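Participant: Just structure-v7.cif, nothing more (mmCIF, C-alpha atoms):
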data_data
#
loop_
_atom_site.label_atom_id
_atom_site.label_comp_id
_atom_site.auth_asym_id
_atom_site.auth_seq_id
_atom_site.Cartn_x
_atom_site.Cartn_y
_atom_site.Cartn_z
CA MET X 1 0.00 0.00 0.00
CA LYS X 2 1.26 3.43 -0.93
CA ARG X 3 2.16 5.63 2.01
CA SER X 4 2.59 9.36 2.28
CA ASP X 5 6.16 10.53 2.84
CA ASP X 6 5.38 14.15 3.63
CA ASN X 7 6.11 15.26 7.18
CA ALA X 8 6.89 11.68 8.13
CA GLY X 9 9.41 12.83 10.72
CA VAL X 10 12.86 11.74 11.72
CA GLN X 11 13.61 8.03 11.98
CA PRO X 12 15.48 6.28 14.79
CA ARG X 13 18.65 4.83 13.34
CA ALA X 14 19.67 1.20 13.46
CA ASP X 15 23.25 2.30 14.12
CA THR X 16 24.89 5.23 15.89
CA PRO X 17 24.24 8.41 13.88
CA PRO X 18 27.12 10.76 13.07
CA SER X 19 25.21 13.85 14.16
CA SER X 20 22.92 14.79 17.02
CA ASP X 21 21.32 17.57 15.01
CA VAL X 22 17.74 16.27 14.92
CA VAL X 23 14.73 18.21 13.67
CA VAL X 24 11.38 17.06 15.07
CA THR X 25 8.57 17.40 12.55
CA PRO X 26 6.00 20.03 13.62
CA LEU X 27 2.31 19.23 13.92
CA ARG X 28 -0.28 20.43 11.40
CA LYS X 29 -3.57 20.62 13.25
CA ARG X 30 -4.77 24.11 14.11
CA ARG X 31 -6.77 25.33 17.07
CA LEU X 32 -9.98 27.31 16.63
CA THR X 33 -7.85 30.45 17.01
CA GLY X 34 -5.79 29.38 13.99
CA GLU X 35 -2.66 28.53 15.96
CA LEU X 36 -0.86 25.28 15.26
CA TYR X 37 -0.82 22.59 17.92
CA GLU X 38 2.56 22.41 19.65
CA ARG X 39 4.16 19.70 21.74
CA ASP X 40 5.47 20.40 25.21
CA PRO X 41 9.09 21.57 24.74
CA LYS X 42 10.28 18.80 27.07
CA MET X 43 8.50 16.24 24.89
CA THR X 44 10.09 17.66 21.74
CA ALA X 45 13.52 17.47 23.34
CA LEU X 46 12.91 13.88 24.42
CA ILE X 47 11.83 12.88 20.89
CA ALA X 48 15.04 14.37 19.49
CA GLU X 49 17.06 12.45 22.06
CA LEU X 50 15.24 9.17 21.42
CA ALA X 51 15.66 9.54 17.65
CA LEU X 52 19.39 8.99 18.12
CA LEU X 53 18.91 5.57 19.72
CA PRO X 54 19.29 2.30 17.80
CA ARG X 55 15.86 0.87 17.10
CA ASP X 56 16.23 -2.14 19.39
CA ASP X 57 17.13 0.16 22.27
CA LEU X 58 14.15 2.38 21.58
CA VAL X 59 11.77 -0.59 21.48
CA ALA X 60 13.20 -1.87 24.75
CA ARG X 61 12.45 1.44 26.39
CA THR X 62 8.94 1.71 24.95
CA ALA X 63 8.19 -1.70 26.48
CA ILE X 64 8.59 -0.21 29.98
CA THR X 65 5.08 0.10 31.44
CA LYS X 66 5.69 1.91 34.73
CA ARG X 67 5.53 5.66 34.32
CA SER X 68 7.54 6.11 37.49
CA GLU X 69 10.62 4.56 35.87
CA LYS X 70 13.16 7.07 34.59
CA ALA X 71 13.51 5.35 31.21
CA TYR X 72 9.74 5.27 30.57
CA ILE X 73 8.78 6.73 27.20
CA PRO X 74 5.52 8.73 27.21
CA SER X 75 2.84 7.68 24.72
CA GLU X 76 3.12 11.11 23.08
CA CYS X 77 6.64 10.14 21.98
CA LEU X 78 5.68 6.59 21.05
CA ILE X 79 2.92 7.68 18.69
CA TYR X 80 5.33 10.18 17.11
CA PHE X 81 7.70 7.38 16.08
CA ILE X 82 4.83 5.19 14.89
CA ARG X 83 3.63 7.95 12.59
CA ALA X 84 7.18 8.70 11.48
CA SER X 85 7.67 5.09 10.40
CA ARG X 86 5.82 5.87 7.16
CA ARG X 87 9.02 7.25 5.66
CA ASP X 88 10.92 3.97 5.30
CA ASN X 89 7.73 1.91 4.79
CA ASN X 90 9.05 -0.66 7.27
CA GLU X 91 6.11 -2.77 8.43
CA ILE X 92 8.19 -4.76 10.93
CA TRP X 93 9.32 -1.58 12.69
CA PHE X 94 5.75 -0.27 12.67
CA GLU X 95 4.40 -3.56 14.04
CA ARG X 96 6.80 -3.56 17.00
CA LEU X 97 5.80 -0.09 18.12
CA TYR X 98 2.13 -0.53 17.20
CA ARG X 99 1.82 -3.61 19.41
CA ILE X 100 3.26 -1.80 22.41
CA LEU X 101 1.08 1.28 21.98
CA THR X 102 -2.17 -0.65 21.49
CA GLU X 103 -1.41 -2.69 24.60
CA ARG X 104 -1.07 0.56 26.52
CA VAL X 105 -4.41 1.77 25.17
CA LEU X 106 -6.19 -1.47 26.07
CA ARG X 107 -4.77 -1.41 29.61
CA SER X 108 -6.15 2.10 30.09
CA LEU X 109 -9.68 1.25 28.95
CA PRO X 110 -12.41 -0.12 31.27
CA LYS X 111 -12.81 -3.88 31.05
CA ALA X 112 -16.21 -5.39 30.36
CA GLU X 113 -16.00 -7.78 33.30
CA SER X 114 -16.23 -6.71 36.92
CA ARG X 115 -13.28 -6.83 39.27
CA ASP X 116 -14.33 -10.25 40.56
CA GLY X 117 -14.53 -11.49 36.98
CA LYS X 118 -18.04 -12.86 37.50
CA THR X 119 -20.18 -10.26 35.77
CA GLU X 120 -19.89 -8.27 32.56
CA SER X 121 -21.19 -4.86 31.58
CA LEU X 122 -22.47 -4.59 28.02
CA THR X 123 -21.99 -0.82 28.06
CA ARG X 124 -18.38 -1.01 29.23
CA GLY X 125 -17.68 -3.63 26.58
CA ILE X 126 -19.21 -1.47 23.86
CA VAL X 127 -17.29 1.63 24.97
CA ARG X 128 -14.04 -0.34 25.14
CA ASP X 129 -14.51 -1.69 21.61
CA LYS X 130 -15.54 1.70 20.25
CA VAL X 131 -12.57 3.57 21.68
CA PHE X 132 -10.01 0.96 20.66
CA GLY X 133 -11.55 0.58 17.23
CA ARG X 134 -11.58 4.32 16.61
CA PHE X 135 -7.97 4.67 17.71
CA VAL X 136 -6.92 1.84 15.39
CA GLU X 137 -8.84 3.47 12.54
CA LEU X 138 -6.94 6.72 13.02
CA LEU X 139 -3.58 4.95 13.11
CA SER X 140 -4.43 2.87 10.04
CA ALA X 141 -5.58 5.91 8.05
CA ASP X 142 -2.45 7.82 9.06
CA ARG X 143 -0.32 5.13 7.43
CA THR X 144 -1.74 6.22 4.08
CA ASP X 145 -2.16 9.95 4.55
CA TYR X 146 -1.55 12.44 7.35
CA VAL X 147 -4.44 12.48 9.85
CA ASP X 148 -4.30 15.69 11.85
CA LYS X 149 -6.70 14.29 14.47
CA LEU X 150 -3.76 12.28 15.78
CA ASP X 151 -1.88 15.51 16.52
CA TYR X 152 -3.85 15.88 19.74
CA PHE X 153 -2.48 12.51 20.88
CA GLU X 154 1.05 13.83 20.40
CA VAL X 155 0.24 16.88 22.54
CA ARG X 156 -1.76 15.22 25.33
CA PHE X 157 -2.28 11.50 24.81
CA ASP X 158 -4.35 10.77 27.94
CA GLY X 159 -6.64 13.72 27.25
CA ALA X 160 -7.21 12.64 23.64
CA LEU X 161 -8.03 9.09 24.75
CA ALA X 162 -10.41 10.41 27.41
CA SER X 163 -12.16 12.42 24.70
CA LEU X 164 -12.67 9.25 22.65
CA ARG X 165 -14.13 7.57 25.73
CA ARG X 166 -16.62 10.39 26.29
CA ASP X 167 -17.73 10.27 22.67
CA ALA X 168 -18.08 6.49 22.83
CA GLN X 169 -20.18 6.61 25.98
CA GLU X 170 -22.51 9.19 24.45
CA GLN X 171 -22.90 7.27 21.20
CA ALA X 172 -23.16 3.75 22.60
CA TRP X 173 -26.89 3.87 23.19
CA ARG X 174 -27.52 5.36 19.73
CA ASP X 175 -25.67 2.53 18.03
CA GLU X 176 -27.52 -0.06 20.09
CA ASN X 177 -30.91 1.46 19.24
CA ARG X 178 -30.30 1.92 15.53
CA SER X 179 -28.56 -1.42 14.96
CA GLN X 180 -30.78 -4.35 14.13
CA PRO X 181 -28.81 -7.54 14.87
CA LEU X 182 -28.86 -10.25 12.25
CA GLU X 183 -29.61 -13.86 13.10
CA TYR X 184 -26.73 -16.20 13.94
CA ASP X 185 -26.11 -19.30 15.99
CA GLU X 186 -25.22 -18.20 19.52
CA ASP X 187 -23.30 -21.41 20.24
CA SER X 188 -21.12 -21.56 17.15
CA GLY X 189 -21.16 -17.87 16.27
CA GLU X 190 -21.83 -18.85 12.65
CA LEU X 191 -24.15 -16.85 10.41
CA SER X 192 -27.60 -18.28 9.93
CA GLU X 193 -28.43 -19.79 6.55
CA GLU X 194 -30.62 -16.76 5.76
CA VAL X 195 -27.79 -14.31 6.38
CA GLU X 196 -25.28 -16.35 4.38
CA THR X 197 -27.72 -16.49 1.48
CA ALA X 198 -28.32 -12.73 1.68
CA ALA X 199 -24.62 -11.97 1.76
CA GLY X 200 -23.50 -14.39 -0.92
CA ALA X 201 -20.98 -12.84 -3.26
CA TYR X 202 -22.56 -9.40 -2.90
CA ASP X 203 -20.14 -6.50 -3.16
CA PRO X 204 -21.79 -3.04 -2.86
CA PHE X 205 -18.67 -1.34 -4.22
CA ALA X 206 -18.70 -3.35 -7.43
CA ALA X 207 -22.27 -2.44 -8.38
CA SER X 208 -22.83 -1.24 -11.92
CA ASN X 209 -24.39 2.01 -10.66
CA PHE X 210 -21.65 2.79 -8.13
CA ASP X 211 -20.82 5.98 -10.07
CA ASP X 212 -24.35 7.26 -9.41
CA PRO X 213 -24.13 9.94 -6.65
CA ALA X 214 -27.54 8.94 -5.30
CA TYR X 215 -26.43 5.32 -4.98
CA ARG X 216 -23.26 6.32 -3.14
CA LEU X 217 -25.23 8.49 -0.70
CA ARG X 218 -27.55 5.61 0.12
CA LEU X 219 -24.56 3.30 0.45
CA GLU X 220 -22.80 5.64 2.90
CA ALA X 221 -25.98 5.88 4.95
CA ALA X 222 -26.25 2.08 5.05
CA ILE X 223 -22.64 1.77 6.21
CA ASP X 224 -23.14 4.43 8.90
CA ALA X 225 -26.09 2.42 10.24
CA LEU X 226 -23.95 -0.68 10.80
CA PRO X 227 -22.75 -1.74 14.26
CA PRO X 228 -19.32 -0.22 15.02
CA GLU X 229 -17.28 -3.41 14.46
CA GLN X 230 -18.89 -4.10 11.09
CA SER X 231 -18.55 -0.48 10.01
CA ARG X 232 -14.83 -0.45 10.87
CA ILE X 233 -14.24 -3.58 8.80
CA ILE X 234 -16.07 -2.15 5.78
CA HIS X 235 -14.10 1.10 5.96
CA MET X 236 -10.80 -0.80 6.23
CA LEU X 237 -11.77 -2.98 3.24
CA ARG X 238 -12.39 0.18 1.24
CA GLU X 239 -8.95 1.48 2.22
CA GLY X 240 -7.37 -1.66 0.82
CA TYR X 241 -6.54 -3.55 4.01
CA PRO X 242 -6.69 -7.33 3.40
CA ILE X 243 -8.28 -10.00 5.59
CA ASP X 244 -5.76 -12.71 4.72
CA PRO X 245 -2.68 -11.20 3.04
CA LYS X 246 -0.16 -13.43 1.30
CA ASP X 247 2.61 -11.49 3.00
CA LYS X 248 2.11 -12.05 6.72
CA GLU X 249 4.12 -8.91 7.54
CA VAL X 250 1.49 -6.72 5.86
CA MET X 251 -1.01 -5.03 8.19
CA SER X 252 -4.32 -6.90 7.91
CA ILE X 253 -7.80 -6.25 9.32
CA PRO X 254 -7.67 -9.19 11.80
CA LYS X 255 -4.29 -8.00 13.03
CA ALA X 256 -5.38 -4.36 13.37
CA LEU X 257 -8.62 -5.21 15.19
CA ARG X 258 -7.19 -8.14 17.15
CA ARG X 259 -9.84 -10.49 15.80
CA SER X 260 -9.57 -13.87 14.13
CA GLU X 261 -9.91 -14.10 10.36
CA LYS X 262 -13.10 -16.12 10.85
CA THR X 263 -14.63 -13.38 13.02
CA VAL X 264 -13.69 -10.66 10.54
CA ARG X 265 -15.21 -12.62 7.65
CA THR X 266 -18.37 -13.23 9.67
CA TYR X 267 -18.75 -9.53 10.47
CA ARG X 268 -18.01 -8.64 6.85
CA ASP X 269 -20.74 -10.99 5.61
CA LYS X 270 -23.21 -9.64 8.16
CA ALA X 271 -22.38 -6.12 7.06
CA PHE X 272 -22.79 -6.96 3.37
CA ALA X 273 -26.13 -8.65 4.08
CA ALA X 274 -27.35 -5.61 6.03
CA ILE X 275 -26.16 -3.22 3.32
CA ARG X 276 -27.83 -5.31 0.62
CA ALA X 277 -31.11 -5.28 2.54
CA ALA X 278 -30.89 -1.51 3.11
CA MET X 279 -30.13 -0.84 -0.55
CA ALA X 280 -33.02 -3.08 -1.62
CA GLU X 281 -35.39 -1.09 0.59
CA GLY X 282 -34.17 2.06 -1.07
CA ASP X 283 -34.91 0.62 -4.52
CA GLU X 284 -38.55 0.12 -3.50
CA LEU X 285 -39.09 3.81 -2.65
#
Output the file's structure in the form of C-alpha cells.

Facilitator:
Amino acid sequence: MKRSDDNAGVQPRADTPPSSDVVVTPLRKRRLTGELYERDPKMTALIAELALLPRDDLVARTAITKRSEKAYIPSECLIYFIRASRRDNNEIWFERLYRILTERVLRSLPKAESRDGKTESLTRGIVRDKVFGRFVELLSADRTDYVDKLDYFEVRFDGALASLRRDAQEQAWRDENRSQPLEYDEDSGELSEEVETAAGAYDPFAASNFDDPAYRLRLEAAIDALPPEQSRIIHMLREGYPIDPKDKEVMSIPKALRRSEKTVRTYRDKAFAAIRAAMAEGDEL
C-alpha cells in the first residue's frame, strides 16, 4: 500500500548516527484560534534524544510500562515514532511499536468484566470496543495519509483518549438502538443460513451504478447504520486492508482489530447482508 512521505518525521537509526542535530517534525492541526498545535518543549527534546537511539534500544524502552521509571517513554513520543515510520515503509518496525502502543491503550480502557470477573457490563464492553476501534482506525488511516486528528495525541495523549471515551459513551446507546442484529447461531457464532444467502458474493462497491451519486449516498448511509465493528471492517476494506494477506508482515484487518480471520469474515458478511437489505429497501421507494 502506498504511504505518504510528507512530514513523516525523523527516523530512529539502526546504528549510531554521526550527528545529534535532529529536527522534530511540527504538527499540522490548528486550534480554533488558527494557531498550530505544539508539543510540550520537554516532549520535543525527548523525541530528538530518542531519535538517536538504535531501534532495538528504543523498542526496549517503549516496552517499559511503569511511568515512574526514569527510562519510561511517554505515549506522546511513542505515537510520534509510529507515525514517522511511514518514511521507510518498514512494516516490521511499525508492528513492533504498534503492538506496544495498542497494549497501553487497552490497559487504560475499562474492562467489560467486573473486578471479581463474574459479571460483565455490556456498556463497558461497547465503549471499550468503540474507543479501541476508533484509535486503530486513526492509526491505520495515518499510514496512508496524514491524519491531523492524531496531533492531539502527540500533545496530550491521555486527554485525547479520554475524549474518545466520552464520545463512545454518548454514542453507545444510539448505536444499540439503531442497529438491528442479524440472526446467527449463539453457540457456534456462525451466520444463519438466511444471512449467508443474503450476503452471498454481494459487493456493494462493485455495483454497476456505483458511479451514481444517489447510490453512493444511500450506500454511505447504510454503512453508517452498521454496528461499530462491522462499520470499521467495511471502511478498512475500502482502504485496501486485506483479511488474509499473502505477505504475513502486511497489516491486515484481523491484526489491526485483534480479531480472528473467521470473526472478521463473519462480520463482513453480516455487514454486506445488512447493506444489501438496506439498498433493496431504497430501490422500493

Participant: Find the residues near range 147-151 of chain X: any atom within 8 Å, counting only C-alpha atoms, skip ones fewer than 5 places away on the same chain, and give them as a list in words.

Facilitator: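 After dropping sequence-adjacent residues, the list is Leu27, Arg28, Lys29, Tyr37, Leu138, Leu139, Ala141 and Asp142 of chain X.
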
Participant: With the PyMOL selection byres ((chain X and resi 60-73) around 12) as the selection, what would be picked from this file? Answer as a PyMOL selection string, please.

Facilitator: chain X and resi 43+46-47+49-50+53-59+74-82+96-105+107-108

Participant: Please identify all polymer residues lying at most 10 Å from the point (-16.0, -2.1, 17.4) (file coordinates), using all atoms listed in the file, and present the result as a PyMOL selection string.

Facilitator: chain X and resi 125-134+227-233+257

Participant: For Lys255 in chain X, which residue among X:Glu95, X:Glu38, X:Asp211, X:Asp88 is the nearest when counting all atoms listed in the file?

Facilitator: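 So, comparing all the options, the nearest one is X:Glu95.
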
Participant: Find, counting all atoms listed in the file, the residue in X:Lys270, X:Arg265, X:His235, X:Arg39 that gets nearest to Tyr152 in chain X.

Facilitator: X:Arg39

Participant: What is the distance between CA of Pro204 in chain X and CA of Arg276 in chain X, in Å to one decimal?

Facilitator: 7.3 Å

Participant: Convert the output of the PyMOL selection byres ((chain X and resi 219) around 10) on the shown file into explicit residues, formatted as a list in words.

Facilitator: Pro204, Phe205, Phe210, Pro213, Ala214, Tyr215, Arg216, Leu217, Arg218, Glu220, Ala221, Ala222, Ile223, Asp224, Ala225, Ile275, Arg276, Ala278, Met279 and Gly282 of chain X

Participant: Nearest residue to Arg124 in chain X out of X:Leu109, X:Leu161, X:Ile92, X:Val136, using all atoms listed in the file?

Facilitator: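 Checking each candidate against Arg124 in chain X, we get X:Leu109 as the closest.
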
Participant: Measure the distance from CA of Asp40 in chain X to CA of Val155 in chain X in Å and round it to one decimal.

Facilitator: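 According to the coordinates, CA of Asp40 in chain X and CA of Val155 in chain X are separated by 6.8 Å.
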
Participant: Between CA of Leu226 in chain X and CA of Lys248 in chain X, what is the spacing in Å?

Facilitator: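 Separating CA of Lys248 in chain X from CA of Leu226 in chain X is a distance of 28.7 Å.
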
Participant: Nearest to Ala48 in chain X among X:Val264, X:Val250, X:Val22, X:Ile243, with distances taken over only C-alpha atoms: which residue is it?

Facilitator: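 Looking at the shortest contact to Ala48 in chain X, the residue is X:Val22.
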
Participant: Ranking X:Arg166, X:Lys111, X:Arg143, X:Arg86 by minimum distance to Tyr241 in chain X and counting all atoms listed in the file, which one comes first?

Facilitator: X:Arg143
